[in-house]
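Undergrad: Below is a structure I'd like to ask you about.
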Amino acid sequence: MIDRRIKFRHIQCFVEICRQKSLKKAAERQFLTQPAISKTLKELEDILDTHLLNRSRAGVSLTKEGEVFLHFAEMSVASLQQGLYGVEQISSGGKTRLAVGALPSVAARLMPSVVQALSSLTDDVRLSISDGPHSFLMDRLRRGELDLVIGRLGAPDTMKGISFTQLYHEHVVVVVRPEHPLCGEPNLARLSEWPVLYPSEASAIRPLVERFMIANGIGEIPNRIETVSGAFGRSYVTKSDAIWIISAGVVANEVEDGRLVQLPFDMDTTRGPVGLMVRQESEAGPAERMFRLAVSQTIRDLKMD
């Protein structure tokens, strides 16, 4: 039997502390003081009569008991969020809400066609689409704020509790404006001569790009801007001599139209799987199944491998 002394605030605070790996950061996210969130955690541990977290100057880490409890605590928070969305669905006239997260490359290249394909299959689904870096989307997926995410396969520690279904492969490209000096004489060794838009630390492609740089003997790039923002990248690169290192899907339309030029570097080592990610305990409802069908049709029509 569940101890009635356990309140939702206990579960919510514990999950947030684990996500942030810091009492201070978790308190900020929950709009609480650090003493208040520490007190809430202690209340939970006292009720369960066990230690869930180890505290140190470096932050917090889960005990074995904490690992077990976190798995089900995250499921509880996500389930409640889905319940709230269900109430919202009834209030919105019966359409099923499907919240989808997409990495920038997916949002730019795949999603417009997916939306068109879905609208031809059904008019009973109300899509909510969010884009952003991998870690941001994974966090929202675990919270239950997103039903699914389409993006690159992340590092193992970011994929705990997540089911991944591969859809296609994608690589990273280096692009510039058509009149850029490198267009006439492509040379990786000259990258540092201009500003470089570089994948941010939280992005899924960052490790791939860094390995590519090391393999090609490219050292530290002093004048680099870390971002995966498609809107900023398109505007800045077309108006300057900046060099943009980004997933191919983000700039596929611009390269095809000639607004950007892909430099002929061998980027095969940055090739990686893009797939559909959901929480392991979730079951696909009718809306998600129709969405998956629309995705499959789009990938086939666009001939994406």
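In the structure tokens, the first chain shown is A, the next is B, and so on; residue numbers restart at 1 for each chain, and ligands run from 1 in the order shown.
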Going by DSSP on the backbone, which bits of segment 59-257 of chain A are helix (DSSP H, G or I)? Write them as a PyMOL selection string, please.
TA: chain A and resi 64-91+104-109+111-121+134-143+156-158+181-183+188-193+206-215+230-238+248-257
Undergrad: Just want the 10 Å neighbourhood of Leu191 of chain A, counted on only C-alpha atoms, with same-chain residues fewer than 6 positions away dropped. Output as a list in words.
TA: Leu182, Ile218, Gly219, Ile221, Asn223, Ala242 and Ile243 of chain A
Undergrad: From the options A:Ala108, A:Leu263, A:Val278, A:Ala26, which residue's atoms come nearest to Ala78 of chain A, counting only C-alpha atoms?
TA: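 So, comparing all the options, the nearest one is A:Val278.
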Undergrad: Return as a compact mmCIF listing (two decimals) with N, CA, C and O atoms, in the first residue's frame the full set of residues in segment 18-195 of chain A whose backbone-based DSSP assignment is strand (DSSP E or B).
TA:
# COMPACT_ATOMS: atom_id res chain seq x y z
N LEU A 53 19.66 9.41 -2.28
CA LEU A 53 20.74 10.14 -2.93
C LEU A 53 21.95 10.28 -2.01
O LEU A 53 21.80 10.44 -0.80
N ASN A 54 23.12 10.22 -2.62
CA ASN A 54 24.36 10.55 -1.91
C ASN A 54 24.71 11.99 -2.22
O ASN A 54 24.69 12.40 -3.39
N ARG A 55 25.03 12.78 -1.21
CA ARG A 55 25.38 14.19 -1.40
C ARG A 55 26.89 14.36 -1.26
O ARG A 55 27.51 13.73 -0.41
N SER A 56 27.45 15.21 -2.11
CA SER A 56 28.87 15.55 -2.02
C SER A 56 29.07 16.94 -2.61
O SER A 56 28.13 17.54 -3.15
N GLY A 59 28.03 17.29 -6.15
CA GLY A 59 26.61 17.23 -6.49
C GLY A 59 25.93 16.06 -5.80
O GLY A 59 26.27 15.74 -4.65
N VAL A 60 25.03 15.40 -6.49
CA VAL A 60 24.31 14.27 -5.92
C VAL A 60 24.41 13.08 -6.86
O VAL A 60 24.57 13.24 -8.07
N SER A 61 24.32 11.90 -6.30
CA SER A 61 24.31 10.66 -7.09
C SER A 61 23.32 9.70 -6.46
O SER A 61 23.07 9.73 -5.25
N LEU A 62 22.75 8.85 -7.29
CA LEU A 62 21.73 7.92 -6.83
C LEU A 62 22.32 6.73 -6.07
O LEU A 62 23.36 6.20 -6.46
N THR A 96 -7.22 14.53 -30.86
CA THR A 96 -6.15 13.97 -30.05
C THR A 96 -4.90 14.81 -30.19
O THR A 96 -4.41 15.04 -31.30
N ARG A 97 -4.37 15.27 -29.08
CA ARG A 97 -3.15 16.07 -29.09
C ARG A 97 -1.95 15.15 -29.13
O ARG A 97 -1.84 14.22 -28.34
N LEU A 98 -1.02 15.41 -30.04
CA LEU A 98 0.22 14.65 -30.13
C LEU A 98 1.38 15.64 -30.09
O LEU A 98 1.53 16.47 -31.01
N ALA A 99 2.17 15.58 -29.03
CA ALA A 99 3.30 16.50 -28.87
C ALA A 99 4.57 15.85 -29.37
O ALA A 99 5.01 14.82 -28.85
N VAL A 100 5.16 16.44 -30.40
CA VAL A 100 6.32 15.85 -31.07
C VAL A 100 7.53 16.77 -30.91
O VAL A 100 7.44 17.98 -31.12
N GLY A 101 8.66 16.19 -30.54
CA GLY A 101 9.92 16.92 -30.50
C GLY A 101 10.76 16.55 -31.69
O GLY A 101 10.77 15.39 -32.13
N ALA A 102 11.46 17.53 -32.26
CA ALA A 102 12.27 17.26 -33.45
C ALA A 102 13.58 18.03 -33.38
O ALA A 102 13.58 19.22 -33.05
N VAL A 125 -6.08 14.59 -35.44
CA VAL A 125 -4.88 14.78 -34.63
C VAL A 125 -4.48 16.25 -34.63
O VAL A 125 -4.39 16.87 -35.69
N ARG A 126 -4.26 16.78 -33.44
CA ARG A 126 -3.76 18.16 -33.32
C ARG A 126 -2.30 18.09 -32.90
O ARG A 126 -1.98 17.74 -31.77
N LEU A 127 -1.42 18.43 -33.84
CA LEU A 127 0.02 18.33 -33.59
C LEU A 127 0.54 19.54 -32.81
O LEU A 127 0.13 20.68 -33.04
N SER A 128 1.48 19.26 -31.91
CA SER A 128 2.26 20.29 -31.25
C SER A 128 3.72 19.94 -31.51
O SER A 128 4.18 18.86 -31.12
N ILE A 129 4.46 20.81 -32.19
CA ILE A 129 5.83 20.50 -32.61
C ILE A 129 6.81 21.44 -31.92
O ILE A 129 6.65 22.66 -31.95
N SER A 130 7.82 20.86 -31.30
CA SER A 130 8.88 21.62 -30.65
C SER A 130 10.22 21.17 -31.20
O SER A 130 10.41 19.99 -31.47
N ASP A 131 11.16 22.11 -31.37
CA ASP A 131 12.50 21.71 -31.77
C ASP A 131 13.50 22.19 -30.74
O ASP A 131 13.18 23.00 -29.87
N LEU A 148 6.70 11.91 -28.23
CA LEU A 148 7.78 11.25 -28.96
C LEU A 148 8.75 12.30 -29.48
O LEU A 148 8.42 13.48 -29.56
N VAL A 149 9.93 11.84 -29.84
CA VAL A 149 10.96 12.72 -30.39
C VAL A 149 11.57 12.04 -31.60
O VAL A 149 11.79 10.83 -31.61
N ILE A 150 11.85 12.83 -32.65
CA ILE A 150 12.59 12.31 -33.80
C ILE A 150 13.93 13.03 -33.82
O ILE A 150 13.99 14.26 -33.86
N GLY A 151 15.00 12.26 -33.78
CA GLY A 151 16.33 12.86 -33.78
C GLY A 151 17.41 11.80 -33.80
O GLY A 151 17.15 10.61 -33.95
N ARG A 152 18.63 12.26 -33.62
CA ARG A 152 19.78 11.35 -33.63
C ARG A 152 19.85 10.53 -32.36
O ARG A 152 19.42 10.96 -31.30
N ILE A 162 14.55 5.14 -22.63
CA ILE A 162 14.04 5.58 -23.94
C ILE A 162 14.18 4.46 -24.96
O ILE A 162 15.21 3.80 -25.06
N SER A 163 13.13 4.23 -25.74
CA SER A 163 13.14 3.26 -26.83
C SER A 163 13.43 3.98 -28.15
O SER A 163 12.81 5.01 -28.44
N PHE A 164 14.36 3.46 -28.94
CA PHE A 164 14.79 4.10 -30.19
C PHE A 164 14.49 3.19 -31.37
O PHE A 164 14.89 2.03 -31.39
N THR A 165 13.77 3.73 -32.36
CA THR A 165 13.48 3.00 -33.60
C THR A 165 14.11 3.75 -34.76
O THR A 165 13.73 4.89 -35.06
N GLN A 166 15.09 3.13 -35.41
CA GLN A 166 15.82 3.82 -36.48
C GLN A 166 14.93 4.08 -37.69
O GLN A 166 14.16 3.23 -38.11
N LEU A 167 15.09 5.29 -38.25
CA LEU A 167 14.33 5.68 -39.43
C LEU A 167 15.23 5.84 -40.66
O LEU A 167 14.93 5.34 -41.74
N TYR A 168 16.35 6.55 -40.51
CA TYR A 168 17.28 6.78 -41.62
C TYR A 168 18.61 7.25 -41.06
O TYR A 168 18.76 7.42 -39.84
N HIS A 169 19.58 7.46 -41.92
CA HIS A 169 20.90 7.96 -41.52
C HIS A 169 21.09 9.40 -42.01
O HIS A 169 20.52 9.80 -43.03
N GLU A 170 21.90 10.13 -41.30
CA GLU A 170 22.19 11.51 -41.68
C GLU A 170 23.64 11.83 -41.31
O GLU A 170 24.18 11.28 -40.35
N VAL A 172 26.84 15.08 -41.13
CA VAL A 172 27.09 16.50 -40.90
C VAL A 172 27.71 17.10 -42.15
O VAL A 172 28.43 16.42 -42.88
N VAL A 173 27.43 18.37 -42.41
CA VAL A 173 28.02 19.05 -43.57
C VAL A 173 28.66 20.36 -43.13
O VAL A 173 28.38 20.88 -42.05
N VAL A 174 29.52 20.88 -44.00
CA VAL A 174 30.13 22.20 -43.80
C VAL A 174 29.64 23.08 -44.94
O VAL A 174 29.87 22.76 -46.12
N VAL A 175 28.93 24.15 -44.62
CA VAL A 175 28.34 25.00 -45.65
C VAL A 175 28.77 26.46 -45.48
O VAL A 175 29.08 26.91 -44.37
N VAL A 176 28.75 27.17 -46.60
CA VAL A 176 29.10 28.60 -46.63
C VAL A 176 28.20 29.28 -47.66
O VAL A 176 27.48 28.62 -48.42
Undergrad: Nearest residue to Leu23 of chain A out of A:Val209, A:Met277, A:Val250, A:Ala58, using only C-alpha atoms?
TA: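 For Leu23 of chain A, the nearest of the candidates is A:Ala58.
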Undergrad: To one decimal place, how far is atom CA of Leu137 of chain A from atom CA of Leu52 of chain A in Å?
TA: 25.9 Å
Undergrad: Need the shell around Glu220 of chain A: protein/DNA/RNA residues with any atom at most 12 Å away, counting only C-alpha atoms. Skip same-chain ones fewer than 4 positions apart. Format as number ranges by chain?
TA: A: 189, 191-193, 196, 198, 210, 213-214, 224
Undergrad: Skip segment 116-122 of chain A itself and residues of its chain fewer than 5 positions away, then list as an MDAnalysis selection string all residues within 10 Å of it, counting only C-alpha atoms.
TA: chainID A and resid 111 127 287 290:298
Undergrad: Suppose we keep C-alpha atoms; can you now write the selection as a short mmCIF file (atom, residue, chain, number, x, y, z; two decimals), in the first residue's frame?
TA:
data_model
loop_
_atom_site.label_atom_id
_atom_site.label_comp_id
_atom_site.auth_asym_id
_atom_site.auth_seq_id
_atom_site.Cartn_x
_atom_site.Cartn_y
_atom_site.Cartn_z
CA MET A 111 8.51 17.56 -40.54
CA LEU A 127 0.02 18.33 -33.59
CA ALA A 287 -2.72 9.25 -33.07
CA MET A 290 -1.06 7.48 -37.71
CA PHE A 291 1.91 9.78 -37.16
CA ARG A 292 4.34 6.89 -37.54
CA LEU A 293 2.63 5.94 -40.80
CA ALA A 294 2.98 9.51 -42.07
CA VAL A 295 6.68 9.47 -41.14
CA SER A 296 7.23 6.17 -42.99
CA GLN A 297 5.48 7.47 -46.10
CA THR A 298 7.52 10.68 -46.05
#
